[in-house]
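Participant: Next up, my_file-v8.cif (mmCIF, C-alpha atoms).
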data_run
#
loop_
_atom_site.label_atom_id
_atom_site.label_comp_id
_atom_site.auth_asym_id
_atom_site.auth_seq_id
_atom_site.Cartn_x
_atom_site.Cartn_y
_atom_site.Cartn_z
CA MET D 1 131.49 122.98 86.70
CA LYS D 2 131.10 124.16 83.11
CA LEU D 3 130.47 121.83 80.20
CA PRO D 4 132.86 121.83 77.21
CA ALA D 5 131.93 124.43 74.63
CA VAL D 6 131.18 121.81 71.97
CA LEU D 7 128.53 120.23 74.23
CA THR D 8 126.87 123.55 75.01
CA ARG D 9 126.64 124.39 71.30
CA SER D 10 125.40 121.01 70.05
CA THR D 11 122.30 119.51 71.62
CA ALA D 12 122.78 116.25 69.71
CA LEU D 13 126.31 115.79 71.06
CA ARG D 14 125.17 116.64 74.58
CA ASN D 15 122.37 114.08 74.39
CA LEU D 16 124.79 111.55 72.94
CA ALA D 17 127.19 112.15 75.84
CA ILE D 18 124.35 111.69 78.35
CA THR D 19 123.29 108.50 76.58
CA VAL D 20 126.81 107.05 76.65
CA VAL D 21 127.36 107.91 80.33
CA ALA D 22 123.95 106.50 81.27
CA GLY D 23 124.72 103.36 79.27
CA LEU D 24 128.00 102.83 81.11
CA VAL D 25 126.28 103.30 84.47
CA LEU D 26 123.52 100.85 83.56
CA PHE D 27 126.05 98.32 82.30
CA GLY D 28 127.90 98.58 85.59
CA LEU D 29 124.67 98.06 87.50
CA THR D 30 123.85 94.90 85.56
CA GLU D 31 127.26 93.48 86.53
CA VAL D 32 126.68 93.89 90.26
CA PHE D 33 122.91 93.35 90.45
CA SER D 34 121.34 90.04 91.36
CA GLU D 35 119.05 88.18 88.95
CA TYR D 36 115.99 89.71 90.62
CA ARG D 37 117.38 93.25 90.43
CA ASN D 38 118.34 92.79 86.78
CA THR D 39 114.75 91.73 86.08
CA GLN D 40 113.55 94.91 87.77
CA LEU D 41 116.05 96.94 85.76
CA ALA D 42 114.72 95.39 82.55
CA ASN D 43 111.17 96.31 83.56
CA ALA D 44 112.31 99.85 84.34
CA GLY D 45 113.74 100.12 80.82
CA ILE D 46 110.43 98.94 79.36
CA ASN D 47 108.47 101.41 81.46
CA PHE D 48 110.79 104.23 80.44
CA CYS D 49 110.09 103.64 76.75
CA ALA D 50 106.33 103.88 77.30
CA ILE D 51 106.47 106.85 79.68
CA ALA D 52 108.90 108.79 77.48
CA GLY D 53 106.47 108.60 74.58
CA LEU D 54 103.60 109.62 76.85
CA THR D 55 105.52 112.56 78.26
CA VAL D 56 106.09 113.81 74.72
CA LEU D 57 102.40 113.42 73.85
CA THR D 58 100.97 114.91 77.03
CA GLY D 59 103.84 117.09 78.21
CA LEU D 60 104.88 118.67 74.93
CA SER D 61 101.79 118.33 72.74
CA GLY D 62 99.24 118.75 75.53
CA GLN D 63 97.08 115.76 74.53
CA ILE D 64 95.84 113.49 77.30
CA SER D 65 96.03 109.78 76.58
CA LEU D 66 94.89 106.85 78.68
CA GLY D 67 95.50 104.29 75.93
CA ASN D 68 99.23 103.62 75.88
CA GLY D 69 98.59 100.11 77.17
CA ALA D 70 96.75 99.41 73.89
CA PHE D 71 99.80 100.43 71.84
CA MET D 72 101.97 98.21 74.04
CA PHE D 73 99.54 95.40 73.23
CA ILE D 74 99.97 96.05 69.51
CA GLY D 75 103.76 96.03 69.76
CA ALA D 76 103.82 92.86 71.84
CA TYR D 77 101.43 90.92 69.60
CA THR D 78 103.27 92.05 66.47
CA VAL D 79 106.48 90.54 67.84
CA ALA D 80 104.69 87.37 68.95
CA LEU D 81 102.99 86.85 65.58
CA LEU D 82 106.13 87.56 63.56
CA LEU D 83 108.17 85.14 65.67
CA LYS D 84 105.39 82.56 65.40
CA HIS D 85 105.30 82.62 61.60
CA HIS D 86 108.96 83.51 61.03
CA PRO D 87 111.02 81.96 63.85
CA SER D 88 114.20 83.93 64.49
CA THR D 89 117.40 82.34 65.67
CA SER D 90 119.62 85.42 65.58
CA ASN D 91 119.47 88.74 67.39
CA PRO D 92 119.91 90.88 64.23
CA GLU D 93 116.67 89.36 62.91
CA LEU D 94 115.05 90.06 66.27
CA VAL D 95 116.01 93.73 65.93
CA LEU D 96 114.18 93.90 62.60
CA ILE D 97 111.12 92.30 64.20
CA VAL D 98 111.16 94.86 67.02
CA VAL D 99 111.47 97.68 64.49
CA ALA D 100 108.47 96.23 62.64
CA ALA D 101 106.49 96.25 65.91
CA VAL D 102 107.35 99.91 66.46
CA VAL D 103 106.26 100.77 62.91
CA VAL D 104 102.95 98.91 63.25
CA ALA D 105 102.18 100.61 66.57
CA ALA D 106 103.12 104.00 65.11
CA ILE D 107 100.81 103.46 62.12
CA VAL D 108 97.91 102.57 64.39
CA GLY D 109 98.81 105.62 66.48
CA GLY D 110 98.53 107.72 63.34
CA PHE D 111 94.97 106.51 62.74
CA VAL D 112 94.04 107.11 66.37
CA GLY D 113 95.71 110.52 66.27
CA THR D 114 93.66 111.47 63.20
CA ALA D 115 90.50 110.97 65.20
CA ALA D 116 92.01 112.42 68.39
CA ALA D 117 93.00 115.64 66.59
CA ARG D 118 89.30 116.53 66.47
CA LEU D 119 88.83 116.04 70.23
CA ARG D 120 89.92 117.94 73.32
CA GLY D 121 90.09 117.43 77.08
CA PRO D 122 87.83 114.78 78.60
CA TYR D 123 86.53 113.68 75.17
CA LEU D 124 90.06 112.78 74.08
CA ALA D 125 90.71 111.02 77.39
CA GLY D 126 87.47 109.07 76.95
CA VAL D 127 88.38 107.86 73.46
CA THR D 128 91.84 106.70 74.50
CA LEU D 129 90.33 105.07 77.59
CA ALA D 130 87.96 103.12 75.34
CA LEU D 131 90.99 102.12 73.26
CA ALA D 132 92.77 100.80 76.35
CA LEU D 133 89.68 98.80 77.29
CA GLY D 134 88.78 97.49 73.84
CA VAL D 135 92.04 96.51 72.18
CA PRO D 136 93.31 93.99 74.80
CA VAL D 137 90.10 91.94 74.53
CA LEU D 138 90.46 91.40 70.76
CA PRO D 139 91.96 87.90 71.24
CA ASP D 140 88.74 86.81 72.95
CA TYR D 141 86.63 87.49 69.85
CA GLN D 142 85.62 84.39 67.93
CA HIS D 143 87.21 85.29 64.60
CA LEU D 144 90.47 86.44 66.21
CA GLU D 145 90.75 83.76 68.86
CA GLY D 146 92.68 81.40 66.60
CA PRO D 147 95.42 83.68 65.26
CA LEU D 148 95.78 85.68 68.51
CA GLY D 149 95.68 82.69 70.86
CA GLY D 150 92.50 83.59 72.69
CA HIS D 151 92.60 84.22 76.42
CA ALA D 152 95.68 81.98 76.81
CA GLY D 153 97.72 84.27 74.59
CA LEU D 154 100.78 83.45 72.52
CA ILE D 155 104.20 82.01 73.28
CA VAL D 156 107.07 84.31 72.30
CA ASN D 157 110.06 82.25 71.18
CA ALA D 158 112.74 84.94 71.09
CA PRO D 159 116.43 84.04 70.69
CA GLY D 160 118.41 83.97 73.91
CA PRO D 161 121.77 85.48 74.86
CA PRO D 162 124.50 85.12 72.21
CA GLY D 163 126.91 82.31 72.90
CA GLY D 164 124.73 80.82 75.64
CA THR D 165 127.16 81.78 78.40
CA LEU D 166 125.52 85.01 79.56
CA ASP D 167 122.92 85.03 82.32
CA LEU D 168 119.42 85.40 80.87
CA GLU D 169 118.38 88.10 83.36
CA ARG D 170 121.50 90.15 82.65
CA TRP D 171 120.97 89.81 78.91
CA GLN D 172 117.36 90.93 79.25
CA ALA D 173 118.45 93.94 81.31
CA TRP D 174 120.98 94.83 78.61
CA ILE D 175 118.53 94.79 75.71
CA CYS D 176 115.80 96.62 77.64
CA CYS D 177 118.22 99.29 78.81
CA LEU D 178 119.50 99.60 75.23
CA ALA D 179 115.94 100.16 74.03
CA ALA D 180 115.49 102.80 76.74
CA LEU D 181 118.73 104.55 75.76
CA VAL D 182 117.76 104.63 72.08
CA THR D 183 114.35 106.02 73.05
CA PHE D 184 115.97 108.69 75.21
CA PHE D 185 118.40 109.77 72.48
CA VAL D 186 115.73 109.97 69.77
CA LEU D 187 113.08 111.73 71.87
CA ALA D 188 115.53 114.09 73.60
CA ASN D 189 116.74 115.31 70.21
CA LEU D 190 113.16 115.46 68.94
CA ARG D 191 112.21 117.57 71.96
CA SER D 192 114.85 120.19 71.17
CA SER D 193 114.25 120.14 67.41
CA ARG D 194 111.87 122.18 65.30
CA VAL D 195 109.29 119.41 65.63
CA GLY D 196 109.52 119.53 69.42
CA ARG D 197 109.11 123.30 69.42
CA SER D 198 106.05 122.96 67.20
CA PHE D 199 104.59 120.51 69.74
CA THR D 200 105.06 123.11 72.46
CA ALA D 201 103.63 125.89 70.31
CA VAL D 202 100.46 123.90 69.62
CA ARG D 203 100.14 122.99 73.28
CA ASP D 204 100.44 126.61 74.43
CA ASP D 205 98.14 128.22 71.86
CA GLU D 206 96.62 126.39 68.90
CA ILE D 207 95.29 129.59 67.32
CA ALA D 208 98.67 131.34 67.46
CA ALA D 209 100.40 128.24 66.08
CA SER D 210 97.91 128.09 63.21
CA LEU D 211 98.42 131.78 62.43
CA ALA D 212 102.17 131.14 62.37
CA GLY D 213 101.66 128.69 59.53
CA MET D 214 101.67 125.42 61.47
CA SER D 215 99.27 122.60 60.66
CA VAL D 216 97.83 121.92 64.11
CA PRO D 217 96.12 118.60 63.25
CA ARG D 218 99.24 117.27 61.52
CA ILE D 219 101.42 118.16 64.51
CA GLN D 220 99.00 116.53 66.94
CA ILE D 221 98.85 113.37 64.82
CA LEU D 222 102.65 113.27 64.71
CA ALA D 223 102.76 113.45 68.50
CA PHE D 224 100.44 110.44 68.67
CA VAL D 225 102.65 108.58 66.21
CA VAL D 226 105.73 109.20 68.34
CA SER D 227 103.98 108.18 71.54
CA ALA D 228 102.46 105.05 69.98
CA GLY D 229 105.80 104.00 68.52
CA SER D 230 107.50 104.34 71.90
CA ALA D 231 104.72 102.32 73.57
CA GLY D 232 104.99 99.72 70.80
CA LEU D 233 108.70 99.38 71.55
CA ALA D 234 107.88 98.89 75.24
CA GLY D 235 105.32 96.21 74.37
CA ALA D 236 107.78 94.45 72.06
CA MET D 237 110.42 94.30 74.77
CA LEU D 238 107.84 93.12 77.30
CA ALA D 239 106.87 90.23 75.00
CA ILE D 240 110.52 89.24 74.58
CA ILE D 241 111.22 89.37 78.30
CA ASP D 242 108.08 87.56 79.50
CA GLY D 243 108.10 84.88 76.81
CA GLN D 244 104.30 84.75 76.77
CA ILE D 245 101.65 87.41 76.32
CA GLY D 246 97.89 87.49 76.58
CA PRO D 247 95.03 89.92 77.16
CA GLN D 248 95.71 89.79 80.90
CA SER D 249 99.19 91.23 80.28
CA PHE D 250 97.70 94.62 79.31
CA PRO D 251 94.97 95.59 81.78
CA LEU D 252 93.62 99.11 82.07
CA GLN D 253 95.81 99.67 85.13
CA ILE D 254 98.96 99.67 83.02
CA SER D 255 97.78 102.76 81.11
CA LEU D 256 96.85 104.51 84.35
CA PHE D 257 100.18 103.59 85.94
CA LEU D 258 102.09 104.98 82.95
CA LEU D 259 100.22 108.28 83.17
CA ALA D 260 100.84 108.42 86.91
CA GLY D 261 104.55 107.82 86.33
CA ALA D 262 104.71 110.56 83.70
CA VAL D 263 102.96 113.08 85.95
CA PHE D 264 105.08 112.14 88.95
CA GLY D 265 108.36 112.46 87.05
CA GLY D 266 107.45 115.65 85.22
CA LEU D 267 105.61 115.95 81.91
CA GLY D 268 107.76 116.93 78.96
CA SER D 269 111.04 115.87 80.58
CA MET D 270 113.12 112.81 79.69
CA ALA D 271 114.60 112.85 83.19
CA GLY D 272 111.06 112.91 84.53
CA ALA D 273 110.28 109.83 82.44
CA ALA D 274 113.20 108.07 84.12
CA TYR D 275 111.91 109.00 87.58
CA GLY D 276 108.44 107.77 86.65
CA ALA D 277 109.81 104.49 85.29
CA VAL D 278 111.64 103.83 88.54
CA LEU D 279 108.50 104.67 90.52
CA ILE D 280 106.10 102.32 88.76
CA THR D 281 108.73 99.57 88.63
CA PHE D 282 109.51 99.51 92.34
CA LEU D 283 106.31 100.81 93.90
CA GLY D 284 104.46 97.58 93.15
CA GLY D 285 107.13 95.55 94.93
CA TRP D 286 107.12 97.93 97.88
CA SER D 287 103.36 97.66 98.22
CA THR D 288 103.62 93.86 98.16
CA ASP D 289 106.28 93.93 100.87
CA LEU D 290 104.08 96.20 102.97
CA SER D 291 101.09 93.92 102.48
CA ASN D 292 103.10 90.89 103.54
CA ALA D 293 104.49 92.69 106.57
CA LEU D 294 101.00 93.70 107.70
CA SER D 295 99.48 90.31 106.77
CA LEU D 296 96.69 91.98 104.80
CA PRO D 297 93.92 89.90 103.15
CA SER D 298 94.40 88.86 99.53
CA LYS D 299 91.67 91.23 98.27
CA VAL D 300 93.43 94.17 99.92
CA ASP D 301 96.77 92.97 98.56
CA LEU D 302 95.48 93.05 94.98
CA ASN D 303 94.12 96.59 95.30
CA LEU D 304 97.03 98.03 97.25
CA PRO D 305 99.29 98.91 94.26
CA PRO D 306 96.59 101.03 92.49
CA ALA D 307 95.89 102.77 95.81
CA PHE D 308 99.60 103.48 96.21
CA TYR D 309 99.86 104.92 92.71
CA GLY D 310 96.83 107.12 93.30
CA LEU D 311 98.22 108.33 96.63
CA VAL D 312 101.62 109.12 95.12
CA LEU D 313 99.96 110.95 92.23
CA ILE D 314 97.84 113.08 94.56
CA VAL D 315 100.74 113.90 96.88
CA SER D 316 103.07 114.76 94.00
CA MET D 317 100.50 117.08 92.38
CA LEU D 318 99.98 118.88 95.68
CA LEU D 319 103.63 119.19 96.72
CA PHE D 320 105.33 119.59 93.32
CA PRO D 321 102.80 120.12 90.51
CA PHE D 322 105.55 120.21 87.86
CA GLY D 323 106.76 116.75 88.83
CA LEU D 324 109.92 115.56 90.49
CA GLN D 325 112.06 116.97 87.69
CA GLY D 326 110.46 120.40 88.24
CA LEU D 327 111.38 120.15 91.92
CA VAL D 328 114.97 119.25 91.00
CA ARG D 329 115.21 122.18 88.59
CA ARG D 330 113.86 124.59 91.19
CA GLY D 331 116.36 123.35 93.77
CA TRP D 332 119.24 123.61 91.29
CA HIS D 333 118.18 127.15 90.35
CA ARG D 334 118.20 128.18 94.02
CA VAL D 335 121.66 126.69 94.54
CA ARG D 336 123.02 128.55 91.51
CA THR D 337 121.37 131.79 92.62
CA ARG D 338 122.93 131.56 96.08
CA THR D 339 126.41 130.64 94.84
CA ARG D 340 126.55 133.22 92.05
CA PRO D 341 127.36 136.24 94.32
CA VAL D 342 130.14 134.22 95.91
CA GLU D 343 131.64 133.49 92.49
CA VAL D 344 131.44 137.17 91.51
CA ALA D 345 133.08 138.28 94.77
CA ALA D 346 135.85 135.74 94.30
CA ARG D 347 136.68 137.20 90.90
#
Let me see whether you can do it: turn the structure in this file into structure tokens.
Facilitator:
Amino acid sequence: MKLPAVLTRSTALRNLAITVVAGLVLFGLTEVFSEYRNTQLANAGINFCAIAGLTVLTGLSGQISLGNGAFMFIGAYTVALLLKHHPSTSNPELVLIVVAAVVVAAIVGGFVGTAAARLRGPYLAGVTLALALGVPVLPDYQHLEGPLGGHAGLIVNAPGPPGGTLDLERWQAWICCLAALVTFFVLANLRSSRVGRSFTAVRDDEIAASLAGMSVPRIQILAFVVSAGSAGLAGAMLAIIDGQIGPQSFPLQISLFLLAGAVFGGLGSMAGAAYGAVLITFLGGWSTDLSNALSLPSKVDLNLPPAFYGLVLIVSMLLFPFGLQGLVRRGWHRVRTRTRPVEVAAR
């Protein structure tokens, strides 16, 4: 089946069409899902925002980051602090607060990217790992314990569903899926734009990109800004959904899980980010169900999800190193190759 000519010529219109269709499908799912499934769908939307930014940073720009959990922390605490000092009773005001959280996370990402642009490989991974370990413990410091709530964290008093007649879980699924759709549309168009092509050029060969007139450090910093802003959006939505945040909400595992989801889905692909979001959303529940079925001890139960993520990551890298989206593309290419002679003969 061929796409209309206007969609094949315009990437923006094609991405808009995909966004609208995906939005209609997600809306339909929220209408038939139970409260528990809608909560999972909301978490999947949050995970997609974070993984999509990471897949741009690592997949397109080629920079390894283990610190996206720290940027989620920044986005979440920005929302919590703004709602604490400026209580919002309307959803339009909440949108402005979420945008502010994205901007703050992006600015911090710019500072981190400035330092990261001087580093490569394991050194860059080490710096972002230190960021993921250090930032979430800031509320425990004496001078920050008061404004950041200490280990107990902060209460997030976000406005509820408009009108008060809509189920809370369904409303949360709507706003998280909307955030995911906006992230997809922006990053998908960025990926196919001149900026996205410059990311790829720097990833493939920094020297050649520099000789072509590109500012390699500026491009790498911009990739960090995009990734941090996406993670900040994910953290902001997480704060709104949970209603309370604290240092324990952003452990190191969340950064590792996001990277595992990005690798599993396929780095550099928005579809791969969706696959990864589904994986890290549901794999934890599946591991819990398995633990309960086998009556495993509590210590094993706590460590089972990280083991599952590690196992899935190893298996995916061995069986399909380009991620699940790479496997789908390869299968689709084989189908088209086999059906093409039939189409020619039929003509």
Participant: Restricting the calculation to only C-alpha atoms: of D:Thr11, D:Gln220, D:Thr114, D:Ser249, which residue gets closest to D:Gln63?
Facilitator: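 For D:Gln63, the nearest of the given residues is D:Gln220.
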Participant: At what distance in Å, to one decimal, does atom CA of D:Gly109 lie from atom CA of D:Ser61?
Facilitator: 14.5 Å
Participant: Using only C-alpha atoms, which residues of stretch 126-225 of chain D come within 7 Å of stretch 21-35 of chain D, and what is the closest atom pair for each, with the distance in Å to one decimal? Give it as CSV, sorted by chain and residue number.
Facilitator:
residue,atom,partner,partner_atom,distance
D:Glu169,CA,D:Glu35,CA,5.6
D:Arg170,CA,D:Thr30,CA,6.0
D:Ala173,CA,D:Thr30,CA,6.9
Participant: Would you list the contacts of stretch 273-279 of chain D as number ranges by chain, taking every protein, DNA or RNA residue within 10 Å and counting all atoms listed in the file, but skipping same-chain residues closer than 3 positions in sequence?
Facilitator: D: 40-41, 43-56, 180, 184, 257-270, 282-284, 309, 312, 323-325
Participant: Using all atoms listed in the file, find the one residue out of D:Leu233, D:Ala201, D:Leu13, D:Leu82 that sits nearest to D:Asn157.
Facilitator: D:Leu82
Participant: Carefully work through the PyMOL selection byres ((chain D and resi 121-134) around 9) for this structure and note down the residues it includes, as a list of chain:residue names.
Facilitator: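 Checking the PyMOL selection byres ((chain D and resi 121-134) around 9) against this file, the residues are D:Gln63, D:Ile64, D:Ser65, D:Leu66, D:Gly67, D:Asn68, D:Gly69, D:Ala70, D:Phe71, D:Val112, D:Ala116, D:Ala117, D:Arg118, D:Leu119, D:Arg120, D:Val135, D:Pro136, D:Val137, D:Leu138, D:Phe250, D:Pro251, D:Leu252, D:Ser255.
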Participant: Can you tell me how far atom CA of D:Gly213 sits from atom CA of D:Val226, in Å to one decimal?
Facilitator: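 For atom CA of D:Gly213 relative to atom CA of D:Val226, the distance reads 21.8 Å.
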Participant: Find the distance between atom CA of D:Leu166 and atom CA of D:Tyr36 and write it in Å to one decimal.
Facilitator: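 Separation between atom CA of D:Leu166 and atom CA of D:Tyr36: 15.3 Å.
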Participant: Using all atoms listed in the file, tabulate the residues of stretch 194-300 of chain D lying at most 6 Å from any atom of stretch 99-108 of chain D, each with its closest atom pair and that distance in Å to one decimal, by chain and increasing residue number, as CSV.
Facilitator:
residue,atom,partner,partner_atom,distance
D:Val225,CA,D:Ala106,CA,4.7
D:Ala228,CA,D:Ala106,CA,5.0
D:Gly229,CA,D:Ala106,CA,4.3
D:Gly232,CA,D:Val102,CA,4.9
D:Leu233,CA,D:Val102,CA,5.3
Participant: If you count all atoms listed in the file, which residues fall within 6 Å of stretch 150-152 of chain D, apart from same-chain ones fewer than 4 positions away, as a VMD selection string?
Facilitator: chain D and resid 139 to 140 145 246
Participant: Could the centre and edge lengths of an axis-aligned box, enclosing all atoms of stretch 223-233 of chain D in the file with 4 Å extra on each side, be given in Å to one decimal as AutoDock Vina command-line options?
Facilitator:
--center_x 104.6 --center_y 106.4 --center_z 69.9 --size_x 16.3 --size_y 22.1 --size_z 15.4
Participant: Between D:Gly163, D:Leu144, D:Phe111, D:Val335, which has the minimum distance to D:Ile221 (counting all atoms listed in the file)?
Facilitator: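 When distances to D:Ile221 are compared using all atoms listed in the file, the smallest one comes from D:Phe111.
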Participant: Set the distance at 6 Å and use only C-alpha atoms: which residues neighbour D:Leu60 once local chain neighbours fewer than 2 positions away are removed? I'd like the list as a ChimeraX atom specification.
Facilitator: /D:56-58,62,199-200,268
Participant: For a quick check of understanding, using all atoms listed in the file, which of D:Pro92, D:Gly149, D:Gly272, D:Gly110 has the smallest distance to D:Arg329?
Facilitator: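 Of the candidates, the smallest distance to D:Arg329 is held by D:Gly272.
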Participant: Of the candidates D:Asp204, D:Leu327, D:Ala209, D:Arg37, which one gets nearest to D:Gly285 if we count all atoms listed in the file?
Facilitator: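 For D:Gly285, the nearest of the given residues is D:Arg37.
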Participant: Once the PyMOL selection byres ((chain D and resi 189) around 12) has been applied to the shown file, what residues remain in the selection, as a list in words?
Facilitator: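 Evaluating the PyMOL selection byres ((chain D and resi 189) around 12) on these coordinates yields Ser10, Thr11, Ala12, Leu13, Arg14, Asn15, Leu16, Ile18, Thr19, Val56, Val182, Thr183, Phe184, Phe185, Val186, Leu187, Ala188, Leu190, Arg191, Ser192, Ser193, Arg194, Val195, Gly196, Arg197, Ser269 and Met270 of chain D.
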